[in-house]
file work-v1.cif (mmCIF, N, CA and C atoms)
data_structure
loop_
_atom_site.label_atom_id
_atom_site.label_comp_id
_atom_site.auth_asym_id
_atom_site.auth_seq_id
_atom_site.Cartn_x
_atom_site.Cartn_y
_atom_site.Cartn_z
N MET I 1 0.83 -1.19 0.00
CA MET I 1 0.00 0.00 0.00
C MET I 1 0.88 1.26 0.00
N VAL I 2 1.85 1.27 0.91
CA VAL I 2 2.76 2.42 0.98
C VAL I 2 3.60 2.49 -0.28
N ALA I 3 3.99 1.33 -0.79
CA ALA I 3 4.82 1.29 -2.00
C ALA I 3 4.04 1.85 -3.19
N ASP I 4 2.74 1.57 -3.26
CA ASP I 4 1.92 2.10 -4.35
C ASP I 4 1.87 3.62 -4.30
N ALA I 5 1.69 4.15 -3.10
CA ALA I 5 1.64 5.61 -2.93
C ALA I 5 2.99 6.23 -3.29
N ARG I 6 4.05 5.55 -2.90
CA ARG I 6 5.39 6.05 -3.20
C ARG I 6 5.63 6.04 -4.71
N GLU I 7 5.22 4.99 -5.39
CA GLU I 7 5.39 4.90 -6.83
C GLU I 7 4.56 5.96 -7.56
N LYS I 8 3.35 6.21 -7.06
CA LYS I 8 2.52 7.27 -7.64
C LYS I 8 3.18 8.63 -7.47
N ARG I 9 3.76 8.84 -6.30
CA ARG I 9 4.45 10.11 -6.04
C ARG I 9 5.65 10.28 -6.96
N ILE I 10 6.40 9.21 -7.14
CA ILE I 10 7.56 9.26 -8.03
C ILE I 10 7.11 9.55 -9.46
N ALA I 11 6.06 8.87 -9.91
CA ALA I 11 5.55 9.10 -11.27
C ALA I 11 5.08 10.54 -11.42
N GLY I 12 4.38 11.05 -10.42
CA GLY I 12 3.91 12.44 -10.46
C GLY I 12 5.05 13.44 -10.50
N LEU I 13 6.07 13.19 -9.70
CA LEU I 13 7.23 14.08 -9.70
C LEU I 13 7.98 14.02 -11.03
N ARG I 14 8.05 12.85 -11.62
CA ARG I 14 8.71 12.75 -12.93
C ARG I 14 7.93 13.54 -13.99
N ARG I 15 6.60 13.42 -13.97
CA ARG I 15 5.78 14.18 -14.92
C ARG I 15 5.97 15.67 -14.69
N LEU I 16 5.97 16.08 -13.42
CA LEU I 16 6.14 17.50 -13.09
C LEU I 16 7.51 18.00 -13.54
N MET I 17 8.52 17.18 -13.39
CA MET I 17 9.86 17.60 -13.81
C MET I 17 9.92 17.73 -15.34
N ARG I 18 9.31 16.80 -16.07
CA ARG I 18 9.27 16.92 -17.53
C ARG I 18 8.52 18.17 -17.95
N LEU I 19 7.43 18.47 -17.24
CA LEU I 19 6.66 19.68 -17.55
C LEU I 19 7.50 20.93 -17.32
N GLN I 20 8.22 20.99 -16.21
CA GLN I 20 9.05 22.16 -15.91
C GLN I 20 10.13 22.33 -16.97
N ARG I 21 10.74 21.25 -17.41
CA ARG I 21 11.77 21.34 -18.44
C ARG I 21 11.17 21.80 -19.77
N GLN I 22 9.95 21.34 -20.06
CA GLN I 22 9.29 21.78 -21.29
C GLN I 22 8.97 23.27 -21.21
N LEU I 23 8.50 23.73 -20.06
CA LEU I 23 8.23 25.16 -19.89
C LEU I 23 9.52 25.97 -20.03
N GLN I 24 10.61 25.45 -19.53
CA GLN I 24 11.90 26.13 -19.66
C GLN I 24 12.30 26.21 -21.13
N ARG I 25 12.12 25.11 -21.88
CA ARG I 25 12.46 25.13 -23.31
C ARG I 25 11.58 26.11 -24.07
N LEU I 26 10.30 26.19 -23.71
CA LEU I 26 9.41 27.15 -24.36
C LEU I 26 9.86 28.59 -24.09
N ALA I 27 10.26 28.86 -22.85
CA ALA I 27 10.75 30.20 -22.51
C ALA I 27 12.03 30.51 -23.27
N GLU I 28 12.89 29.52 -23.44
CA GLU I 28 14.13 29.73 -24.20
C GLU I 28 13.82 30.01 -25.67
N ALA I 29 12.81 29.32 -26.22
CA ALA I 29 12.41 29.57 -27.60
C ALA I 29 11.84 30.97 -27.76
N ASP I 30 11.02 31.40 -26.78
CA ASP I 30 10.47 32.75 -26.81
C ASP I 30 11.59 33.80 -26.73
N LEU I 31 12.58 33.54 -25.91
CA LEU I 31 13.72 34.45 -25.79
C LEU I 31 14.47 34.54 -27.12
N ALA I 32 14.71 33.40 -27.74
CA ALA I 32 15.43 33.40 -29.02
C ALA I 32 14.64 34.18 -30.07
N HIS I 33 13.33 34.00 -30.09
CA HIS I 33 12.49 34.73 -31.06
C HIS I 33 12.56 36.24 -30.80
N ALA I 34 12.46 36.64 -29.55
CA ALA I 34 12.51 38.07 -29.22
C ALA I 34 13.88 38.66 -29.57
N MET I 35 14.93 37.89 -29.35
CA MET I 35 16.27 38.39 -29.68
C MET I 35 16.45 38.54 -31.20
N ARG I 36 15.91 37.58 -31.96
CA ARG I 36 15.98 37.71 -33.43
C ARG I 36 15.20 38.92 -33.90
N GLU I 37 14.02 39.10 -33.32
CA GLU I 37 13.19 40.24 -33.71
C GLU I 37 13.86 41.56 -33.34
N ARG I 38 14.50 41.59 -32.19
CA ARG I 38 15.19 42.82 -31.78
C ARG I 38 16.36 43.12 -32.73
N GLU I 39 17.05 42.09 -33.16
CA GLU I 39 18.15 42.29 -34.10
C GLU I 39 17.62 42.83 -35.43
N GLU I 40 16.46 42.35 -35.87
CA GLU I 40 15.85 42.87 -37.09
C GLU I 40 15.48 44.35 -36.93
N VAL I 41 14.95 44.71 -35.76
CA VAL I 41 14.60 46.10 -35.50
C VAL I 41 15.86 46.97 -35.49
N ARG I 42 16.91 46.48 -34.87
CA ARG I 42 18.17 47.24 -34.85
C ARG I 42 18.72 47.44 -36.26
N GLN I 43 18.61 46.41 -37.08
CA GLN I 43 19.07 46.53 -38.47
C GLN I 43 18.20 47.54 -39.23
N ALA I 44 16.90 47.53 -38.98
CA ALA I 44 16.01 48.50 -39.63
C ALA I 44 16.36 49.92 -39.19
N ILE I 45 16.67 50.10 -37.91
CA ILE I 45 17.08 51.42 -37.42
C ILE I 45 18.36 51.87 -38.11
N GLU I 46 19.30 50.96 -38.21
CA GLU I 46 20.57 51.29 -38.85
C GLU I 46 20.36 51.68 -40.32
N ASN I 47 19.53 50.92 -41.02
CA ASN I 47 19.23 51.24 -42.43
C ASN I 47 18.54 52.60 -42.55
N LEU I 48 17.63 52.87 -41.64
CA LEU I 48 16.90 54.14 -41.68
C LEU I 48 17.83 55.32 -41.41
N VAL I 49 18.71 55.17 -40.45
CA VAL I 49 19.67 56.24 -40.15
C VAL I 49 20.60 56.46 -41.34
N ASP I 50 21.01 55.38 -41.98
CA ASP I 50 21.84 55.52 -43.18
C ASP I 50 21.09 56.28 -44.28
N ALA I 51 19.81 55.95 -44.45
CA ALA I 51 19.01 56.62 -45.48
C ALA I 51 18.81 58.10 -45.13
N MET I 52 18.60 58.40 -43.85
CA MET I 52 18.39 59.79 -43.43
C MET I 52 19.65 60.62 -43.62
N SER I 53 20.79 60.00 -43.37
CA SER I 53 22.03 60.76 -43.46
C SER I 53 22.59 60.78 -44.87
N GLY I 54 21.95 60.09 -45.78
CA GLY I 54 22.42 60.05 -47.16
C GLY I 54 22.20 61.38 -47.87
N MET I 55 22.91 61.55 -48.92
CA MET I 55 22.84 62.79 -49.68
C MET I 55 21.83 62.70 -50.82
N SER I 56 21.13 61.60 -50.91
CA SER I 56 20.19 61.39 -51.99
C SER I 56 19.00 62.33 -51.86
N THR I 57 18.58 62.92 -52.97
CA THR I 57 17.48 63.90 -52.98
C THR I 57 16.15 63.31 -52.51
N PRO I 58 15.77 62.11 -52.93
CA PRO I 58 14.47 61.60 -52.47
C PRO I 58 14.41 61.44 -50.95
N HIS I 59 15.51 61.10 -50.36
CA HIS I 59 15.51 60.93 -48.91
C HIS I 59 15.41 62.27 -48.19
N ASN I 60 15.91 63.30 -48.78
CA ASN I 60 15.85 64.63 -48.17
C ASN I 60 14.44 65.22 -48.21
N LEU I 61 13.56 64.69 -49.04
CA LEU I 61 12.22 65.23 -49.18
C LEU I 61 11.26 64.80 -48.06
N PHE I 62 11.58 63.72 -47.36
CA PHE I 62 10.64 63.18 -46.37
C PHE I 62 11.26 62.98 -44.99
N PRO I 63 11.88 63.97 -44.42
CA PRO I 63 12.52 63.77 -43.11
C PRO I 63 11.51 63.49 -42.00
N HIS I 64 10.30 64.08 -42.10
CA HIS I 64 9.31 63.85 -41.05
C HIS I 64 8.84 62.39 -41.05
N LEU I 65 8.77 61.74 -42.20
CA LEU I 65 8.39 60.33 -42.27
C LEU I 65 9.47 59.44 -41.64
N TYR I 66 10.72 59.78 -41.95
CA TYR I 66 11.82 59.01 -41.39
C TYR I 66 11.89 59.18 -39.87
N ALA I 67 11.66 60.39 -39.41
CA ALA I 67 11.70 60.64 -37.97
C ALA I 67 10.59 59.87 -37.27
N SER I 68 9.40 59.85 -37.86
CA SER I 68 8.29 59.11 -37.28
C SER I 68 8.61 57.61 -37.24
N ARG I 69 9.15 57.09 -38.32
CA ARG I 69 9.49 55.66 -38.38
C ARG I 69 10.60 55.31 -37.40
N LEU I 70 11.55 56.22 -37.27
CA LEU I 70 12.64 56.00 -36.31
C LEU I 70 12.10 55.94 -34.88
N GLY I 71 11.17 56.83 -34.57
CA GLY I 71 10.57 56.82 -33.24
C GLY I 71 9.84 55.52 -32.95
N SER I 72 9.09 55.01 -33.93
CA SER I 72 8.36 53.76 -33.69
C SER I 72 9.32 52.58 -33.60
N LEU I 73 10.40 52.60 -34.37
CA LEU I 73 11.37 51.51 -34.28
C LEU I 73 12.08 51.51 -32.93
N LYS I 74 12.41 52.69 -32.43
CA LYS I 74 13.06 52.77 -31.12
C LYS I 74 12.11 52.32 -30.01
N ALA I 75 10.84 52.67 -30.14
CA ALA I 75 9.85 52.22 -29.15
C ALA I 75 9.73 50.69 -29.19
N ARG I 76 9.71 50.12 -30.39
CA ARG I 76 9.64 48.67 -30.53
C ARG I 76 10.88 48.00 -29.95
N ASP I 77 12.04 48.62 -30.13
CA ASP I 77 13.28 48.10 -29.57
C ASP I 77 13.21 48.06 -28.04
N GLN I 78 12.65 49.12 -27.45
CA GLN I 78 12.51 49.15 -25.99
C GLN I 78 11.54 48.07 -25.50
N VAL I 79 10.45 47.88 -26.22
CA VAL I 79 9.48 46.84 -25.85
C VAL I 79 10.15 45.47 -25.92
N LEU I 80 10.90 45.24 -26.97
CA LEU I 80 11.59 43.95 -27.11
C LEU I 80 12.64 43.75 -26.02
N ALA I 81 13.31 44.82 -25.63
CA ALA I 81 14.29 44.72 -24.54
C ALA I 81 13.60 44.28 -23.25
N GLY I 82 12.43 44.84 -23.00
CA GLY I 82 11.65 44.44 -21.82
C GLY I 82 11.21 42.99 -21.91
N GLN I 83 10.77 42.57 -23.09
CA GLN I 83 10.34 41.18 -23.27
C GLN I 83 11.51 40.22 -23.07
N ILE I 84 12.68 40.60 -23.54
CA ILE I 84 13.86 39.75 -23.38
C ILE I 84 14.16 39.56 -21.90
N GLU I 85 14.09 40.63 -21.13
CA GLU I 85 14.34 40.51 -19.69
C GLU I 85 13.30 39.61 -19.03
N LEU I 86 12.03 39.74 -19.44
CA LEU I 86 10.98 38.87 -18.89
C LEU I 86 11.23 37.41 -19.23
N HIS I 87 11.65 37.15 -20.47
CA HIS I 87 11.92 35.78 -20.87
C HIS I 87 13.11 35.20 -20.09
N LYS I 88 14.13 36.01 -19.86
CA LYS I 88 15.27 35.54 -19.07
C LYS I 88 14.83 35.19 -17.65
N THR I 89 13.98 36.03 -17.08
CA THR I 89 13.46 35.77 -15.74
C THR I 89 12.65 34.48 -15.73
N ARG I 90 11.82 34.31 -16.77
CA ARG I 90 11.00 33.09 -16.87
C ARG I 90 11.87 31.85 -16.97
N ILE I 91 12.93 31.93 -17.75
CA ILE I 91 13.84 30.79 -17.90
C ILE I 91 14.44 30.43 -16.55
N ASN I 92 14.92 31.44 -15.82
CA ASN I 92 15.51 31.17 -14.50
C ASN I 92 14.50 30.60 -13.54
N THR I 93 13.28 31.12 -13.58
CA THR I 93 12.22 30.62 -12.69
C THR I 93 11.91 29.16 -13.00
N GLU I 94 11.72 28.84 -14.27
CA GLU I 94 11.40 27.46 -14.64
C GLU I 94 12.56 26.52 -14.35
N ARG I 95 13.79 26.98 -14.56
CA ARG I 95 14.96 26.16 -14.26
C ARG I 95 15.02 25.87 -12.76
N THR I 96 14.78 26.89 -11.95
CA THR I 96 14.81 26.72 -10.50
C THR I 96 13.73 25.77 -10.05
N ARG I 97 12.52 25.93 -10.58
CA ARG I 97 11.42 25.03 -10.23
C ARG I 97 11.76 23.59 -10.62
N GLY I 98 12.28 23.41 -11.81
CA GLY I 98 12.66 22.07 -12.26
C GLY I 98 13.74 21.47 -11.38
N ASP I 99 14.70 22.28 -10.96
CA ASP I 99 15.76 21.78 -10.08
C ASP I 99 15.19 21.35 -8.73
N ARG I 100 14.25 22.13 -8.20
CA ARG I 100 13.63 21.77 -6.92
C ARG I 100 12.86 20.46 -7.04
N VAL I 101 12.12 20.32 -8.12
CA VAL I 101 11.37 19.08 -8.33
C VAL I 101 12.35 17.91 -8.47
N GLY I 102 13.45 18.13 -9.18
CA GLY I 102 14.47 17.10 -9.31
C GLY I 102 15.05 16.69 -7.96
N GLU I 103 15.28 17.67 -7.10
CA GLU I 103 15.79 17.37 -5.76
C GLU I 103 14.78 16.56 -4.96
N ARG I 104 13.49 16.94 -5.07
CA ARG I 104 12.46 16.17 -4.36
C ARG I 104 12.38 14.75 -4.91
N LEU I 105 12.50 14.62 -6.22
CA LEU I 105 12.48 13.29 -6.84
C LEU I 105 13.67 12.46 -6.36
N ASP I 106 14.82 13.07 -6.25
CA ASP I 106 16.00 12.36 -5.75
C ASP I 106 15.78 11.88 -4.32
N ARG I 107 15.19 12.74 -3.49
CA ARG I 107 14.92 12.35 -2.10
C ARG I 107 13.93 11.19 -2.04
N VAL I 108 12.88 11.26 -2.84
CA VAL I 108 11.88 10.19 -2.84
C VAL I 108 12.51 8.89 -3.36
N ASN I 109 13.33 8.98 -4.40
CA ASN I 109 14.01 7.78 -4.89
C ASN I 109 14.94 7.20 -3.84
N LEU I 110 15.63 8.07 -3.10
CA LEU I 110 16.51 7.61 -2.03
C LEU I 110 15.70 6.93 -0.93
N ASP I 111 14.56 7.52 -0.57
CA ASP I 111 13.69 6.91 0.43
C ASP I 111 13.20 5.55 -0.04
N ARG I 112 12.83 5.46 -1.33
CA ARG I 112 12.37 4.18 -1.87
C ARG I 112 13.48 3.15 -1.81
N GLN I 113 14.69 3.55 -2.16
CA GLN I 113 15.81 2.61 -2.13
C GLN I 113 16.10 2.16 -0.70
N ARG I 114 16.01 3.09 0.24
CA ARG I 114 16.20 2.71 1.66
C ARG I 114 15.14 1.71 2.09
N HIS I 115 13.92 1.96 1.66
CA HIS I 115 12.82 1.05 2.01
C HIS I 115 13.07 -0.33 1.43
N VAL I 116 13.50 -0.40 0.18
CA VAL I 116 13.81 -1.69 -0.46
C VAL I 116 14.95 -2.37 0.28
N ASP I 117 15.98 -1.62 0.63
CA ASP I 117 17.11 -2.19 1.38
C ASP I 117 16.66 -2.70 2.74
N ASP I 118 15.82 -1.92 3.42
CA ASP I 118 15.31 -2.35 4.72
C ASP I 118 14.49 -3.62 4.60
N GLU I 119 13.62 -3.68 3.59
CA GLU I 119 12.81 -4.88 3.40
C GLU I 119 13.69 -6.09 3.11
N THR I 120 14.73 -5.89 2.31
CA THR I 120 15.65 -6.99 2.00
C THR I 120 16.35 -7.46 3.27
N LEU I 121 16.77 -6.52 4.08
CA LEU I 121 17.43 -6.86 5.34
C LEU I 121 16.48 -7.60 6.27
N PHE I 122 15.24 -7.13 6.38
CA PHE I 122 14.25 -7.80 7.23
C PHE I 122 13.96 -9.21 6.73
N ASP I 123 13.86 -9.38 5.41
CA ASP I 123 13.64 -10.71 4.86
C ASP I 123 14.80 -11.64 5.18
N LEU I 124 16.01 -11.10 5.08
CA LEU I 124 17.20 -11.88 5.40
C LEU I 124 17.21 -12.26 6.87
N LEU I 125 16.88 -11.32 7.74
CA LEU I 125 16.83 -11.61 9.19
C LEU I 125 15.74 -12.63 9.49
N ASP I 126 14.59 -12.50 8.85
CA ASP I 126 13.51 -13.47 9.07
C ASP I 126 13.96 -14.86 8.64
N GLY I 127 14.69 -14.95 7.54
CA GLY I 127 15.20 -16.24 7.07
C GLY I 127 16.19 -16.83 8.04
N VAL I 128 17.06 -16.02 8.59
CA VAL I 128 18.06 -16.49 9.56
C VAL I 128 17.38 -16.96 10.84
N ILE I 129 16.39 -16.20 11.29
CA ILE I 129 15.68 -16.55 12.53
C ILE I 129 14.91 -17.85 12.34
N LYS I 130 14.28 -18.04 11.19
CA LYS I 130 13.52 -19.27 10.93
C LYS I 130 14.47 -20.48 10.85
N ASP I 131 15.65 -20.26 10.27
CA ASP I 131 16.62 -21.36 10.15
C ASP I 131 17.14 -21.77 11.52
N ASN I 132 17.25 -20.85 12.46
CA ASN I 132 17.77 -21.13 13.79
C ASN I 132 16.74 -21.82 14.68
N ARG I 133 15.52 -21.83 14.31
CA ARG I 133 14.48 -22.43 15.15
C ARG I 133 14.40 -23.86 14.93
#

call {"tool": "encode", "arguments": {"input": "work-v1.cif", "output": "structure tokens"}}
result
Amino acid sequence: MVADAREKRIAGLRRLMRLQRQLQRLAEADLAHAMREREEVRQAIENLVDAMSGMSTPHNLFPHLYASRLGSLKARDQVLAGQIELHKTRINTERTRGDRVGERLDRVNLDRQRHVDDETLFDLLDGVIKDNR
């Protein structure tokens, strides 16, 4: 009866640990996506600044459009910077949770092994006592 409960607990902890690792991988994927998007925004800003500073006549005709676009790109860059920090925090949180679950699983496995060792020892002692009678 106790062994069944222990096995259920171990199975539950294993599922929880797999879930935590999956959540960590999802957060890492979100971070990678945000970093790629931020790099694209930075490249767009760089291209826009190059176009604004160019000596080409068509670019000199629309400075207000370029300024507006530059402002929105910089705002998007700031939003992405905030998202990146949130994703990093999420990764650390999920990693920590997974590590804690792993530690609990290790303790439960150790308890189970102790129980098996104790039962083996008791069986051995019972055999010795029966043989001596």

call {"tool": "atom_distance", "arguments": {"input": "work-v1.cif", "atom1": "atom N of Thr93 of chain I", "atom2": "atom C of Ala32 of chain I"}}
result
16.8 Å

call {"tool": "atom_distance", "arguments": {"input": "work-v1.cif", "atom1": "atom CA of Ala67 of chain I", "atom2": "atom CA of Val49 of chain I"}}
result
9.4 Å

call {"tool": "closest_residue", "arguments": {"input": "work-v1.cif", "among": "I:Val108, I:Val116, I:Leu61, I:Ala75", "to": "Arg6 of chain I", "atoms": "all atoms listed in the file"}}
result
I:Val108

call {"tool": "atom_distance", "arguments": {"input": "work-v1.cif", "atom1": "atom CA of Glu94 of chain I", "atom2": "atom CA of Glu40 of chain I"}}
result
27.6 Å

call {"tool": "axis_aligned_box", "arguments": {"input": "work-v1.cif", "around": "segment 70-73 of chain I", "padding_each_side": "5 Å", "output": "JSON"}}
result
{"center_x": 10.5, "center_y": 54.2, "center_z": -35.1, "size_x": 14.3, "size_y": 15.3, "size_z": 14.3}

call {"tool": "closest_residue", "arguments": {"input": "work-v1.cif", "among": "I:Val128, I:Ala27, I:Leu19, I:Ala11", "to": "Lys88 of chain I", "atoms": "only N, CA and C atoms"}}
result
I:Ala27

call {"tool": "resolve_selection", "arguments": {"input": "work-v1.cif", "expression": "the PyMOL selection byres ((chain I and resi 79-85) around 8)", "output": "mmCIF file with N, CA and C atoms, in the frame of the given file"}}
result
data_model
loop_
_atom_site.group_PDB
_atom_site.id
_atom_site.type_symbol
_atom_site.label_atom_id
_atom_site.label_comp_id
_atom_site.auth_asym_id
_atom_site.auth_seq_id
_atom_site.Cartn_x
_atom_site.Cartn_y
_atom_site.Cartn_z
ATOM 1 N N ASP I 30 11.020 31.400 -26.780
ATOM 2 C CA ASP I 30 10.470 32.750 -26.810
ATOM 3 C C ASP I 30 11.590 33.800 -26.730
ATOM 4 N N LEU I 31 12.580 33.540 -25.910
ATOM 5 C CA LEU I 31 13.720 34.450 -25.790
ATOM 6 C C LEU I 31 14.470 34.540 -27.120
ATOM 7 N N ALA I 32 14.710 33.400 -27.740
ATOM 8 C CA ALA I 32 15.430 33.400 -29.020
ATOM 9 C C ALA I 32 14.640 34.180 -30.070
ATOM 10 N N ALA I 34 12.460 36.640 -29.550
ATOM 11 C CA ALA I 34 12.510 38.070 -29.220
ATOM 12 C C ALA I 34 13.880 38.660 -29.570
ATOM 13 N N MET I 35 14.930 37.890 -29.350
ATOM 14 C CA MET I 35 16.270 38.390 -29.680
ATOM 15 C C MET I 35 16.450 38.540 -31.200
ATOM 16 N N GLU I 37 14.020 39.100 -33.320
ATOM 17 C CA GLU I 37 13.190 40.240 -33.710
ATOM 18 C C GLU I 37 13.860 41.560 -33.340
ATOM 19 N N ARG I 38 14.500 41.590 -32.190
ATOM 20 C CA ARG I 38 15.190 42.820 -31.780
ATOM 21 C C ARG I 38 16.360 43.120 -32.730
ATOM 22 N N LEU I 73 10.400 52.600 -34.370
ATOM 23 C CA LEU I 73 11.370 51.510 -34.280
ATOM 24 C C LEU I 73 12.080 51.510 -32.930
ATOM 25 N N LYS I 74 12.410 52.690 -32.430
ATOM 26 C CA LYS I 74 13.060 52.770 -31.120
ATOM 27 C C LYS I 74 12.110 52.320 -30.010
ATOM 28 N N ALA I 75 10.840 52.670 -30.140
ATOM 29 C CA ALA I 75 9.850 52.220 -29.150
ATOM 30 C C ALA I 75 9.730 50.690 -29.190
ATOM 31 N N ARG I 76 9.710 50.120 -30.390
ATOM 32 C CA ARG I 76 9.640 48.670 -30.530
ATOM 33 C C ARG I 76 10.880 48.000 -29.950
ATOM 34 N N ASP I 77 12.040 48.620 -30.130
ATOM 35 C CA ASP I 77 13.280 48.100 -29.570
ATOM 36 C C ASP I 77 13.210 48.060 -28.040
ATOM 37 N N GLN I 78 12.650 49.120 -27.450
ATOM 38 C CA GLN I 78 12.510 49.150 -25.990
ATOM 39 C C GLN I 78 11.540 48.070 -25.500
ATOM 40 N N LEU I 86 12.030 39.740 -19.440
ATOM 41 C CA LEU I 86 10.980 38.870 -18.890
ATOM 42 C C LEU I 86 11.230 37.410 -19.230
ATOM 43 N N HIS I 87 11.650 37.150 -20.470
ATOM 44 C CA HIS I 87 11.920 35.780 -20.870
ATOM 45 C C HIS I 87 13.110 35.200 -20.090
ATOM 46 N N LYS I 88 14.130 36.010 -19.860
ATOM 47 C CA LYS I 88 15.270 35.540 -19.070
ATOM 48 C C LYS I 88 14.830 35.190 -17.650
ATOM 49 N N THR I 89 13.980 36.030 -17.080
ATOM 50 C CA THR I 89 13.460 35.770 -15.740
ATOM 51 C C THR I 89 12.650 34.480 -15.730
ATOM 52 N N ARG I 90 11.820 34.310 -16.770
ATOM 53 C CA ARG I 90 11.000 33.090 -16.870
ATOM 54 C C ARG I 90 11.870 31.850 -16.970
ATOM 55 N N ILE I 91 12.930 31.930 -17.750
ATOM 56 C CA ILE I 91 13.840 30.790 -17.900
ATOM 57 C C ILE I 91 14.440 30.430 -16.550
#

call {"tool": "residues_around", "arguments": {"input": "work-v1.cif", "residues": "Arg18 of chain I", "least_positions_apart": "3", "cutoff": "12 Å", "atoms": "only C-alpha atoms", "output": "ChimeraX atom specification"}}
result
/I:11-15,21-25,94-95,97-99,101-102,105

call {"tool": "closest_residue", "arguments": {"input": "work-v1.cif", "among": "I:Arg36, I:Arg112, I:Arg69, I:Lys130", "to": "Ile10 of chain I", "atoms": "only C-alpha atoms"}}
result
I:Arg112

call {"tool": "closest_residue", "arguments": {"input": "work-v1.cif", "among": "I:Leu124, I:Leu70, I:Leu65, I:Ala29", "to": "Gln43 of chain I", "atoms": "only C-alpha atoms"}}
result
I:Leu70

call {"tool": "decode", "arguments": {"input": "work-v1.cif", "residues": "segment 98-115 of chain I", "atoms": "N, CA and C atoms", "output": "mmCIF file, in the first residue's frame"}}
result
data_model
loop_
_atom_site.group_PDB
_atom_site.id
_atom_site.type_symbol
_atom_site.label_atom_id
_atom_site.label_comp_id
_atom_site.auth_asym_id
_atom_site.auth_seq_id
_atom_site.Cartn_x
_atom_site.Cartn_y
_atom_site.Cartn_z
ATOM 1 N N GLY I 98 12.282 23.414 -11.807
ATOM 2 C CA GLY I 98 12.659 22.074 -12.258
ATOM 3 C C GLY I 98 13.739 21.466 -11.376
ATOM 4 N N ASP I 99 14.701 22.276 -10.962
ATOM 5 C CA ASP I 99 15.762 21.781 -10.084
ATOM 6 C C ASP I 99 15.190 21.352 -8.728
ATOM 7 N N ARG I 100 14.255 22.131 -8.203
ATOM 8 C CA ARG I 100 13.629 21.766 -6.924
ATOM 9 C C ARG I 100 12.857 20.464 -7.041
ATOM 10 N N VAL I 101 12.120 20.321 -8.124
ATOM 11 C CA VAL I 101 11.373 19.075 -8.334
ATOM 12 C C VAL I 101 12.350 17.913 -8.472
ATOM 13 N N GLY I 102 13.447 18.131 -9.178
ATOM 14 C CA GLY I 102 14.469 17.099 -9.312
ATOM 15 C C GLY I 102 15.052 16.694 -7.965
ATOM 16 N N GLU I 103 15.277 17.674 -7.097
ATOM 17 C CA GLU I 103 15.789 17.372 -5.756
ATOM 18 C C GLU I 103 14.777 16.561 -4.956
ATOM 19 N N ARG I 104 13.493 16.938 -5.067
ATOM 20 C CA ARG I 104 12.458 16.175 -4.364
ATOM 21 C C ARG I 104 12.383 14.755 -4.910
ATOM 22 N N LEU I 105 12.503 14.616 -6.222
ATOM 23 C CA LEU I 105 12.481 13.294 -6.839
ATOM 24 C C LEU I 105 13.667 12.460 -6.360
ATOM 25 N N ASP I 106 14.822 13.074 -6.252
ATOM 26 C CA ASP I 106 15.998 12.361 -5.749
ATOM 27 C C ASP I 106 15.784 11.882 -4.315
ATOM 28 N N ARG I 107 15.187 12.745 -3.489
ATOM 29 C CA ARG I 107 14.920 12.352 -2.099
ATOM 30 C C ARG I 107 13.931 11.193 -2.036
ATOM 31 N N VAL I 108 12.883 11.255 -2.842
ATOM 32 C CA VAL I 108 11.885 10.188 -2.843
ATOM 33 C C VAL I 108 12.509 8.891 -3.358
ATOM 34 N N ASN I 109 13.328 8.982 -4.399
ATOM 35 C CA ASN I 109 14.008 7.782 -4.891
ATOM 36 C C ASN I 109 14.944 7.198 -3.838
ATOM 37 N N LEU I 110 15.630 8.065 -3.102
ATOM 38 C CA LEU I 110 16.510 7.605 -2.031
ATOM 39 C C LEU I 110 15.700 6.928 -0.930
ATOM 40 N N ASP I 111 14.561 7.521 -0.573
ATOM 41 C CA ASP I 111 13.690 6.907 0.434
ATOM 42 C C ASP I 111 13.197 5.546 -0.038
ATOM 43 N N ARG I 112 12.831 5.456 -1.326
ATOM 44 C CA ARG I 112 12.367 4.183 -1.870
ATOM 45 C C ARG I 112 13.483 3.149 -1.814
ATOM 46 N N GLN I 113 14.690 3.548 -2.161
ATOM 47 C CA GLN I 113 15.813 2.608 -2.127
ATOM 48 C C GLN I 113 16.099 2.157 -0.701
ATOM 49 N N ARG I 114 16.011 3.092 0.244
ATOM 50 C CA ARG I 114 16.201 2.714 1.658
ATOM 51 C C ARG I 114 15.145 1.707 2.087
ATOM 52 N N HIS I 115 13.921 1.961 1.657
ATOM 53 C CA HIS I 115 12.824 1.051 2.012
ATOM 54 C C HIS I 115 13.071 -0.334 1.428
#
